[in-house]
Structures are given as structure tokens and as C-alpha cells.
Amino acid sequence: MSWRMFHHLPLQELILAENPLSCSCGVRWLQLWAESGRAALGNQSLSCMDNENPVSLTDKEIKDCEVPEVQITYKDLTLKEGDSINLTCLITGTPQATGYWEELSIEPNPVVIKGSESETILQIVNVSSDYNLKNITCRGENEAGFSEDIVQLSVMFPAEIVFLGNVVIRHHHCIPFTVDGNPRPEIKWQLNGSALVLTTYITINYIDDDHHNSTVVHCCLDFNQPTHVNNGNYTLLAWNSLGSDTLSHLEVFMDPPGSFNPEDPILGDKNSTQGGPVETPDEHTFGIFMAVALAVCACIFLSVMLIVLNKCGRHSKFGINRSAVLAQEDDLAMSLQFMNLGSSPLSSAESKLDALKTNFIENPQYFFDTCVHHIKRRDIVLKWELGEGAFGKVFLAECYNLIPEREKMLVAVKALKEVTENARLDFQREAELLTVLQHEHIVKFYGVCTDGEPLIMVFEYMKHGDLNRFLRSHGPDAKILDNGNGQSFGQLNLSQMLQIATQIASGMVYLASLHFVHRDLATRNCLVGHNLVVKIGDFGMSRDIYSTDYYRVGGRTMLPIRWMPPESILYRKFTTESDIWSFGVVLWEIFTYGKQPWYQLSNTEAIECITQGRELERPRTCPSEVYDIMQSCWQREPQQRQNIKEIHCRLQALVKAPPVYLDILG
Ligand code: AMP
């Protein structure tokens with residue numbers, strides 16, 4: 001009964017009964033398996049027959065019966081392609097073992113040039129790089145069992161670029177490439193013939209680096225939000241001590257936006273000698289004079305208009321009649337492009353007017369008494385694109401002379417893509433609104449730049465971008481990437497989630513105190529800065545990549561229905577209370593690491609669920625104390641929803657003493 005019969009069998013239990021074993025070398029393997037723990041004899045009292053007497057197998061000493069010893073000897077396992085090598089395998093032990101080489105299906109096939117019981121020699125001629133990291137195994141077997149020795153060759157060969165592909169979107173934009181070589185090749189990239197500088201936005205990452213089995217390395221040249229600035233001819237250089245390889249590839253990430261090149265200082269740069277008119281000091285003074293004169297005229301005109309309209313005695317709720325409002329419809333239609341006012345830039349004039357009525361006309365002081373800070377175009381130097389919103393692109397920029405303490409600082413600038421007269425007016429209105437909104441949890445607005453095009457709004461730079469993306473990349477599904485900016489939070493914990501929620505609640509308390517209705521509160525509209533500071537950062541509609549969060553109705557209106565309470569869905573009623581409902585959904589987003597509410601449902605199914613009173617389920621990582629808050633936001637009757645001040649207090653208390661929460665499933 002040889003060990004060979006059982007060695008490969010996935011046995012759970014083997015019962016040996018009645019048939020007596022003989023105390024020979026042939027049962028030594030049973031003793032060895034029991035000794036090594038490979039098999040437990042349990043309560044089987046196995047015995048073997050020794051001169052016709054049964055003796056306990058465990059106690060029986062079986063002499064001259066041990067597993068063989070195997071050793072591969074060699075001169076040097078490091079070779080060059082084309083070299084030859086002889087590997088000698090020595091097998092010792094009693095009883096005498098048989099030695100053999102395990103089969104290798106690698107070209108060129110090795111041959112056994114000498115085979116005897118105690119020694120076998122394997123010869124590999126004209127060795128290829130395919131031998132790298134492959135096990136070459138020699139085995140020796142006898143009645144007691146087997147043993148083996150394994151070696152791996154290291155076959156040196158020159159660096160080679162096996163593959164260079166077109167850009168694909170993985171976590172980031174990735175130019176995929178594969179290199180091979182032993183020693184492992186070093187790599188370098190060039191853009192248009194000059195060394196490509198790797199930054200936090202351009203990195204080389206290994207993917208699927210199966211270095212245990214092969215010398216092939218799959219990589220990505222990753223770009224975080226590339227723009228046309230990154231277009232060009234990319235050359236990959238790979239080299240090692242034996243040779244080098246190079247391949248080039250033209251990559252176009254984005255069409256250049258015509259005259260607006262984010263690499264250049266914008267028109268009117270101090271040192272600029274081309275690319276547009278440069279103001280002379282006289283022209284500048286004259287420009288300022290004209291701008292001030294026009295602004296004063298516009299203000300007087302608009303104020304008079306409002307007074308006149310109010311005095312007309314027509315019976316609109318807001319002291320302004322609908323036809324008067326409608327007369328301004330075109331003029332006002334674009335205003336939501338820059339203003340929160342709850343509706344989308346794509347929404348119908350009707351809903352824009354609603355929004356306008358509630359915010360613009362109800363609170364005209366927001367728009368006429370404020371002094372918007374103007375920043376000189378030459379003080380802004382764009383660096384690269386951060387994202388895209390409905391009204392245009394958002395860039396990271398350096399801004400000079402913004403605050404007295406610092407010569408220059410990083411800011412985020414939003415550039416208006418349209419420059420119609422209406423768009424300019426709306427731009428001015430949003431700027432005035434933003435100038436009024438000042439709170440530690442509302443993104444800071446520094447001012448505008450209107451001398452020339454594009455029209456620009458300047459905001460504080462929030463280095464971790466929008467909260468939805470941040471949550472997704474700090475949740476269980478994301479490979480946590482420290483974007484190289486020195487702060488990696490890992491997977492967010494309960495206390496951090498509570499901190500995020502409390503900060504948004506604080507911003508909402510402020511907006512509610514101004515009777516300002518946001519209408520589109522969602523994590524995509526919040527921004528994350530240094531040290532997990534979170535601010536409400538967007539008062540317009542989010543970028544195209546979040547368009548699935550909106551539901552298109554009646555052609556052009558886009559509604560964030562998944563964040564809306566029944567009364568907003570059914571009657572388009574937006575109030576501070578409907579913002580509270582949305583805040584509850586924001587809490588849910590935070591505790592699901594950025595999942596889309598009702599992600600399993602279509603828009604129409606989601607509308608049905610919300611209007612029928614179904615609630616989002618408690619996220620797995622959410623303590624009941626927090627889910628209670630969510631539910632207090634989702635009361636069907638707007639008046640029954642807890643007010644935002646109380647919610648803020650409850651969250652503050654939870655931040656101070658986070659509930660003990662056991663994630664049993666996790
Ligand atoms: P928005 O047009 O406001 O929707 O912005 C589009 C994208 O630009 C956002 O999702 C952010 O990723 C980025 N962004 C906007 N404002 C800022 C900012 N102040 N700091 C950093 N990134 C920003």
C-alpha cells in the first residue's frame with residue numbers, strides 16, 4: 001500500500017481495517033504522515049505484523065527507511081539568452097531512490113543527458129528568457145516518500161517595449177504600456193522630445209504586476225484630468241544594462257479651446273507682448289471710469305425698474321407682475337447658469353422664473369447693495385483644468401495680490417464659456433450673490449475678473465475637489481490613492497463622516513438664516529479642502545459627469561429628483577424644508593461612501609418610491625443615531641421635518657461623542 005496511491009487524493013478520512021499491515025518500509029510513510037501532522041491517526045490503533053505478532057504502528061521502529069534527500073547543483077543560475085547550462089541532481093537515501101526532473105513545457109526543451117539512480121543531469125541549451133521565474137524541479141522517490149529541490153534561472157535580456165496603447169479610462173486617463181527585460185527595465189517618458197515631468201497629476205503606476213511568474217511589467221502613464229495642455233507626442237524609453245527600446249505615440253486628450261490657452265497668462269499679462277491688446281495706463285483708467293459709470297447706471301436703472309414695478313400696484317406675490325417678469329424672461333433666463341436659485345441652466349424659463357422670483361426679487365438687496373471685488377486679469381495665471389461645470393471650465397490658477405499677506409496664492413477659477421450680454425448680466429448677479437454669502441462652510445468667493453474674456457470668477461481652491469468623488473475614493477470599493485498631495489485619509493471612519501456632515505449642516509444653518517433656498521444640495525455640490533474641511537461649493541448645476549443625478553422633464557428642465565422631497569417633485573415647491581430633506585439624502589450619501597440614492601431604481605421608479613413614502617435604507621455603516629437624523633429630515637410633512645439648527649446640534653453632539661458602532665457584517 002504505497003504512499004503514491006494516496007499522495008494526490010483529496011482524502012478526508014481513510015479507514016484501514018482488518019487487512020493486517022506488515023511492519024516493512026512500505027508503511028513507514030504512514031508513520032511519517034502521522035508524525036508530521038499530515039494525517040491524524042485519531043483513535044485508530046493501527047498495528048502491523050512483526051514476525052506474525054501485531055505491534056503498534058506508532059511504536060514500531062522501521063530501520064533503514066527514510067525519505068531521500070535531493071539537491072540540485074549548478075555553477076551559476078544567472079545566464080544570458082543563448083547560453084547553456086547543466087543542472088545536476090543528486091539523490092541520496094535508503095532505500096535507494098529514483099530521481100527524475102519534472103517536465104517543463106518551455107522552448108527550447110531541456111534534455112536529460114545522464115540518468116542514474118543517484119544522479120541525473122539536465123541540460124538546457126540556448127536558453128531563452130521564457131525560463132525566467134519558472135521552477136525547475138528535481139524529485140527523488142523511494143518507498144518512504146519523496147523530496148524535491150527547485151531552482152529558477154535568471155536569464156538576462158535587453159529591455160523591450162512589448163506594448164504601447166491608446167489612452168484608456170481606468171481610475172484616471174491611462175496610456176497603457178508593457179515592458180519586459182532582465183534586469184527589470186528602467187523607464188522614462190518624453191513629451192514632444194523633452195523629459196516629461198511626473199507630478200501629482202501625471203504618474204506612472206504598475207498594474208497587474210505579476211512579478212512572481214514573469215518579467216513582463218504592465219503599467220499606466222496616468223493623467224488626472226488631462227486637458228489639451230497634455231496633448232502631444234509621447235515617447236517611452238525603456239532600458240537596462242543589456243539594451244534599450246523606444247516607442248512613440250501621439251495622444252490628443254482634448255481639442256484646444258481656441259484662443260483660450262490655460263498655460264498662458266490670460267490676456268493683458270504684464271509681460272505679454274502678443275496674443276491680444278495690452279492696455280495702456282490711460283486706456284486702463286478710462287476703462288475703469290467707464291466700467292464704474294456703467295455699473296452705477298445699471299444699478300440706478302435696475303433699482304428704478306424695481307421701484308417702478310413695485311409701485312405699479314399689480315397683484316403678484318412678490319410685488320412684481322408676471323408679465324413684467326416674463327418681459328425679462330430672456331434676459332433672466334441665463335441667470336441660473338450662475339446662480340443657485342435651484343434650477344438648472346438647462347431648465348425651462350418657467351422654473352428659472354420661479355427661482356428668480358423667490359431669490360432675486362424677494363431679496364433684491366443681495367444683488368444691488370453688494371460690492372464685488374474685481375481682480376486684474378494680469379494677476380491670474382491659469383495652471384490646469386480641475387473640472388467642468390454647466391457654465392464652463394474650472395481651472396486651478398495662481399492669483400497675485402489677492403490678499404495683503406501673500407504675494408500669490410492658489411485659487412480655483414470658473415471661466416464662463418458663453419459671453420452674450422445676458423450671460424454677462426447673470427454673471428454679475430451671481431457674483432453679487434456670492435459676495436454676500438460669507439461663511440466658513442461656504443466656499444470663499446474672492447471676486448471676478450471682467451476685463452476681457454473669458455469672464456472669470458475666483459474662488460478659494462479646495463484641493464480634494466468635490467465631496468462625492470472624495471467619498472467614493474475613500475470608501476471600501478476604492479483603491480485608496482494618496483494623490484501625492486501629502487494627505488491620504490484612507491477609508492473614512494465614523495468620526496470623519498460625522499465631521500463632514502456637521503460642516504455641511506453648519507453651512508446650511510447659515511443659508512437658512514438668510515432664507516436662502518439652495519434647491520440642489522448634494523455631495524457633488526460640496527467641496528473638500530485641506531484637513532477634511534468641507535464647504536458648500538456649488539450654487540449652479542453640476543458638471544456633465546453627474547448628469548445621471550438629474551431627471552430631464554419637459555424637454556429642458558433637469559431635476560435632481562433623488563434628492564427632492566415629494567412636494568418638490570409633485571408641486572415644484574422648494575423651501576428651506578425641502579433643503580432639509582436633501583440634507584438627509586446628503587447624510588445617506590456620506591454614510592454610503594458616495595452611492596447614488598436609489599441607485600437600483602430608474603428615475604421614474606425613484607419618483608414613485610419617494611412620492612409613495614418609501615425611505616432610503618439605513619446604510620450598513622450608519623449608527624441608528626445618525627439614521628434617526630436622516631429620518632427626521634424625511635418627514636412627509638415639510639413642517640414636521642426637524643429644523644437645520646437642531647440637526648446641526650445633534651450632529652455636533654455626535655461628533656463630540658461618536659456612538660459606539662459595531663459593523664458586524666464588515
Ligand atoms: P462646478 O462647475 O462648480 O460644478 O465645478 C466642476 C468641478 O470643478 C467640481 O466638481 C470640482 O471637481 C472642481 N471644482 C469646482 N470648484 C472648485 C474649487 N473651489 N476648488 C477645487 N476644485 C473645484
# chains A, B, ... in the order shown; residues from 1 in each chain; ligands from 1
>>> closest_atom_pairs(of="chain A", to="ligand 1", cutoff="8 Å", atoms="only C-alpha atoms and all ligand atoms", output="tab-separated table")
residue	atom	partner	partner_atom_place_in_ligand_line	distance
A:Leu386	CA	ligand 1	13 (C)	5.1
A:Gly387	CA	ligand 1	8 (O)	3.7
A:Glu388	CA	ligand 1	6 (C)	4.3
A:Gly389	CA	ligand 1	2 (O)	3.0
A:Ala390	CA	ligand 1	2 (O)	5.9
A:Phe391	CA	ligand 1	2 (O)	6.7
A:Gly392	CA	ligand 1	2 (O)	6.7
A:Lys393	CA	ligand 1	2 (O)	6.7
A:Val394	CA	ligand 1	8 (O)	5.1
A:Phe395	CA	ligand 1	8 (O)	7.5
A:Leu396	CA	ligand 1	21 (C)	7.3
A:Val411	CA	ligand 1	19 (N)	7.1
A:Ala412	CA	ligand 1	19 (N)	4.8
A:Val413	CA	ligand 1	19 (N)	7.4
A:Lys414	CA	ligand 1	2 (O)	7.0
A:Val443	CA	ligand 1	19 (N)	6.6
A:Lys444	CA	ligand 1	19 (N)	7.9
A:Phe459	CA	ligand 1	19 (N)	5.2
A:Glu460	CA	ligand 1	19 (N)	5.2
A:Tyr461	CA	ligand 1	20 (N)	3.8
A:Met462	CA	ligand 1	20 (N)	3.7
A:Lys463	CA	ligand 1	21 (C)	5.3
A:His464	CA	ligand 1	21 (C)	6.7
A:Gly465	CA	ligand 1	12 (O)	4.3
A:Asp466	CA	ligand 1	12 (O)	4.7
A:Arg469	CA	ligand 1	12 (O)	7.9
A:Arg524	CA	ligand 1	10 (O)	6.4
A:Asn525	CA	ligand 1	4 (O)	6.6
A:Leu527	CA	ligand 1	18 (C)	6.6
A:Val528	CA	ligand 1	21 (C)	7.8
A:Gly529	CA	ligand 1	20 (N)	7.7
A:Gly537	CA	ligand 1	16 (N)	6.6
A:Asp538	CA	ligand 1	3 (O)	4.8
A:Phe539	CA	ligand 1	3 (O)	7.3
A:Gly540	CA	ligand 1	3 (O)	6.7
A:Met541	CA	ligand 1	4 (O)	6.1
A:Ser542	CA	ligand 1	4 (O)	3.9
A:Arg543	CA	ligand 1	4 (O)	4.9
>>> write_last_selection(atoms="N, CA, C and O atoms", output="compact mmCIF listing (two decimals), in the first residue's frame")
# COMPACT_ATOMS: atom_id res chain seq x y z
N LEU A 386 -9.45 71.71 -13.53
CA LEU A 386 -9.87 70.92 -12.37
C LEU A 386 -11.15 70.15 -12.65
O LEU A 386 -11.41 69.11 -12.08
N GLY A 387 -11.97 70.70 -13.52
CA GLY A 387 -13.24 70.04 -13.79
C GLY A 387 -14.07 70.91 -14.69
O GLY A 387 -13.62 71.96 -15.16
N GLU A 388 -15.29 70.45 -14.92
CA GLU A 388 -16.15 71.23 -15.80
C GLU A 388 -17.54 71.29 -15.21
O GLU A 388 -18.11 70.28 -14.81
N GLY A 389 -18.07 72.47 -15.12
CA GLY A 389 -19.44 72.64 -14.66
C GLY A 389 -20.31 73.01 -15.85
O GLY A 389 -19.84 73.06 -16.98
N ALA A 390 -21.58 73.27 -15.55
CA ALA A 390 -22.51 73.53 -16.64
C ALA A 390 -22.17 74.82 -17.38
O ALA A 390 -22.41 74.94 -18.57
N PHE A 391 -21.59 75.77 -16.66
CA PHE A 391 -21.36 77.07 -17.31
C PHE A 391 -19.98 77.17 -17.95
O PHE A 391 -19.72 78.06 -18.72
N GLY A 392 -19.11 76.25 -17.63
CA GLY A 392 -17.78 76.33 -18.22
C GLY A 392 -16.76 75.56 -17.39
O GLY A 392 -17.11 74.81 -16.49
N LYS A 393 -15.51 75.80 -17.75
CA LYS A 393 -14.45 75.01 -17.12
C LYS A 393 -13.99 75.63 -15.80
O LYS A 393 -14.11 76.83 -15.60
N VAL A 394 -13.46 74.77 -14.95
CA VAL A 394 -12.90 75.24 -13.68
C VAL A 394 -11.40 74.94 -13.73
O VAL A 394 -11.00 73.82 -14.07
N PHE A 395 -10.59 75.95 -13.47
CA PHE A 395 -9.14 75.78 -13.54
C PHE A 395 -8.48 76.07 -12.19
O PHE A 395 -8.99 76.89 -11.41
N LEU A 396 -7.37 75.41 -11.98
CA LEU A 396 -6.50 75.80 -10.88
C LEU A 396 -5.66 76.97 -11.40
O LEU A 396 -5.20 76.93 -12.54
N VAL A 411 -5.82 79.46 -6.42
CA VAL A 411 -7.27 79.67 -6.40
C VAL A 411 -7.90 78.77 -7.46
O VAL A 411 -7.21 78.20 -8.31
N ALA A 412 -9.23 78.62 -7.37
CA ALA A 412 -9.96 77.91 -8.43
C ALA A 412 -10.71 78.97 -9.21
O ALA A 412 -11.36 79.82 -8.62
N VAL A 413 -10.57 78.96 -10.53
CA VAL A 413 -11.30 79.96 -11.31
C VAL A 413 -12.31 79.28 -12.22
O VAL A 413 -12.04 78.24 -12.81
N LYS A 414 -13.49 79.88 -12.28
CA LYS A 414 -14.52 79.37 -13.17
C LYS A 414 -14.61 80.32 -14.35
O LYS A 414 -14.80 81.53 -14.16
N VAL A 443 -17.98 77.93 0.24
CA VAL A 443 -16.69 78.15 -0.40
C VAL A 443 -16.46 79.65 -0.59
O VAL A 443 -17.37 80.40 -0.94
N LYS A 444 -15.23 80.08 -0.30
CA LYS A 444 -14.95 81.53 -0.31
C LYS A 444 -14.87 82.05 -1.74
O LYS A 444 -14.21 81.46 -2.60
N PHE A 459 -12.45 81.64 -6.83
CA PHE A 459 -12.84 81.02 -5.57
C PHE A 459 -11.62 80.49 -4.85
O PHE A 459 -10.58 80.25 -5.47
N GLU A 460 -11.79 80.23 -3.57
CA GLU A 460 -10.71 79.55 -2.87
C GLU A 460 -10.56 78.15 -3.47
O GLU A 460 -11.56 77.56 -3.93
N TYR A 461 -9.35 77.64 -3.47
CA TYR A 461 -9.08 76.32 -4.05
C TYR A 461 -9.27 75.26 -2.98
O TYR A 461 -8.70 75.35 -1.89
N MET A 462 -10.12 74.28 -3.28
CA MET A 462 -10.37 73.18 -2.34
C MET A 462 -9.68 71.95 -2.92
O MET A 462 -10.15 71.37 -3.90
N LYS A 463 -8.57 71.56 -2.30
CA LYS A 463 -7.67 70.67 -3.02
C LYS A 463 -8.18 69.25 -3.25
O LYS A 463 -7.70 68.56 -4.13
N HIS A 464 -9.18 68.80 -2.48
CA HIS A 464 -9.67 67.44 -2.72
C HIS A 464 -10.88 67.38 -3.63
O HIS A 464 -11.49 66.33 -3.79
N GLY A 465 -11.26 68.51 -4.21
CA GLY A 465 -12.35 68.51 -5.20
C GLY A 465 -13.71 68.24 -4.59
O GLY A 465 -13.93 68.47 -3.40
N ASP A 466 -14.62 67.73 -5.41
CA ASP A 466 -16.00 67.62 -4.92
C ASP A 466 -16.16 66.43 -3.97
O ASP A 466 -15.45 65.43 -4.06
N ARG A 469 -16.94 62.65 -5.24
CA ARG A 469 -15.77 61.92 -5.72
C ARG A 469 -14.87 61.53 -4.56
O ARG A 469 -14.31 60.45 -4.51
N ARG A 524 -22.21 66.19 -4.57
CA ARG A 524 -21.48 66.65 -5.76
C ARG A 524 -21.32 68.17 -5.73
O ARG A 524 -20.47 68.72 -6.42
N ASN A 525 -22.14 68.86 -4.94
CA ASN A 525 -22.07 70.32 -4.87
C ASN A 525 -21.34 70.82 -3.63
O ASN A 525 -21.47 71.98 -3.27
N LEU A 527 -17.45 70.81 -1.57
CA LEU A 527 -16.03 70.68 -1.88
C LEU A 527 -15.25 70.31 -0.63
O LEU A 527 -15.64 70.68 0.48
N VAL A 528 -14.14 69.61 -0.84
CA VAL A 528 -13.33 69.15 0.29
C VAL A 528 -11.94 69.79 0.19
O VAL A 528 -11.29 69.72 -0.85
N GLY A 529 -11.53 70.41 1.27
CA GLY A 529 -10.21 71.05 1.27
C GLY A 529 -9.26 70.36 2.24
O GLY A 529 -9.49 69.22 2.66
N GLY A 537 -20.15 74.27 -2.04
CA GLY A 537 -19.29 74.94 -3.00
C GLY A 537 -19.92 75.22 -4.33
O GLY A 537 -19.31 75.81 -5.20
N ASP A 538 -21.13 74.80 -4.54
CA ASP A 538 -21.66 74.97 -5.88
C ASP A 538 -23.08 75.45 -5.80
O ASP A 538 -23.93 74.84 -5.19
N PHE A 539 -23.31 76.57 -6.45
CA PHE A 539 -24.66 77.13 -6.45
C PHE A 539 -25.24 77.07 -7.85
O PHE A 539 -26.20 77.73 -8.17
N GLY A 540 -24.63 76.29 -8.68
CA GLY A 540 -25.16 76.10 -10.02
C GLY A 540 -25.30 74.62 -10.21
O GLY A 540 -25.20 73.85 -9.27
N MET A 541 -25.56 74.21 -11.42
CA MET A 541 -25.72 72.78 -11.61
C MET A 541 -24.37 72.12 -11.84
O MET A 541 -23.44 72.72 -12.32
N SER A 542 -24.31 70.85 -11.43
CA SER A 542 -23.03 70.17 -11.51
C SER A 542 -22.68 69.77 -12.92
O SER A 542 -23.49 69.85 -13.83
N ARG A 543 -21.46 69.27 -13.01
CA ARG A 543 -20.95 69.00 -14.34
C ARG A 543 -21.65 67.84 -15.02
O ARG A 543 -22.42 67.12 -14.44
>>> residues_around(residues="stretch 69-84 of chain A", least_positions_apart="2", cutoff="8 Å", atoms="only C-alpha atoms", output="PyMOL selection string")
chain A and resi 67+86-93+123-129+138-140+147-157
>>> write_last_selection(atoms="C-alpha atoms", output="PDB file, in the first residue's frame")
ATOM      1  CA  VAL A  67      12.707   9.662   2.527  1.00  0.00           C
ATOM      2  CA  ASN A  86      23.848  21.761 -16.951  1.00  0.00           C
ATOM      3  CA  LEU A  87      21.961  21.143 -13.733  1.00  0.00           C
ATOM      4  CA  THR A  88      22.986  18.084 -11.708  1.00  0.00           C
ATOM      5  CA  CYS A  89      20.563  16.490  -9.308  1.00  0.00           C
ATOM      6  CA  LEU A  90      21.995  14.262  -6.554  1.00  0.00           C
ATOM      7  CA  ILE A  91      19.672  11.819  -4.804  1.00  0.00           C
ATOM      8  CA  THR A  92      20.749  10.045  -1.616  1.00  0.00           C
ATOM      9  CA  GLY A  93      18.893   7.895   0.894  1.00  0.00           C
ATOM     10  CA  GLN A 123      20.965  20.161 -19.945  1.00  0.00           C
ATOM     11  CA  ILE A 124      19.384  23.366 -21.294  1.00  0.00           C
ATOM     12  CA  VAL A 125      20.957  24.598 -24.489  1.00  0.00           C
ATOM     13  CA  ASN A 126      20.351  28.033 -25.991  1.00  0.00           C
ATOM     14  CA  VAL A 127      18.348  29.172 -23.008  1.00  0.00           C
ATOM     15  CA  SER A 128      15.531  31.667 -23.660  1.00  0.00           C
ATOM     16  CA  SER A 129      14.048  34.386 -21.471  1.00  0.00           C
ATOM     17  CA  CYS A 138      14.172  17.528  -9.434  1.00  0.00           C
ATOM     18  CA  ARG A 139      12.459  14.798  -7.429  1.00  0.00           C
ATOM     19  CA  GLY A 140      13.660  11.703  -5.668  1.00  0.00           C
ATOM     20  CA  SER A 147      11.512  15.050  -1.720  1.00  0.00           C
ATOM     21  CA  GLU A 148      12.462  17.666  -4.248  1.00  0.00           C
ATOM     22  CA  ASP A 149      14.771  20.593  -4.915  1.00  0.00           C
ATOM     23  CA  ILE A 150      13.806  23.587  -7.046  1.00  0.00           C
ATOM     24  CA  VAL A 151      15.879  26.221  -8.847  1.00  0.00           C
ATOM     25  CA  GLN A 152      14.997  29.200 -11.009  1.00  0.00           C
ATOM     26  CA  LEU A 153      17.203  30.584 -13.763  1.00  0.00           C
ATOM     27  CA  SER A 154      17.767  34.259 -14.203  1.00  0.00           C
ATOM     28  CA  VAL A 155      18.114  34.835 -17.940  1.00  0.00           C
ATOM     29  CA  MET A 156      19.295  38.337 -18.719  1.00  0.00           C
ATOM     30  CA  PHE A 157      17.937  40.038 -21.816  1.00  0.00           C
TER      31      PHE A 157
END
>>> select_by_dssp(residues="stretch 19-134 of chain A", states="strand (DSSP E or B)", output="number ranges by chain")
A: 21-22, 47-50, 53-56, 69-73, 78-80, 85-92, 98-101, 111-115, 119-124, 132
>>> atom_distance(atom1="atom CA of A:Met5", atom2="atom CA of A:Cys23")
18.5 Å
>>> atom_distance(atom1="atom CA of A:Ile106", atom2="atom CA of A:Leu9")
27.8 Å
>>> atom_distance(atom1="atom CA of A:Trp634", atom2="atom CA of A:Pro565")
7.5 Å
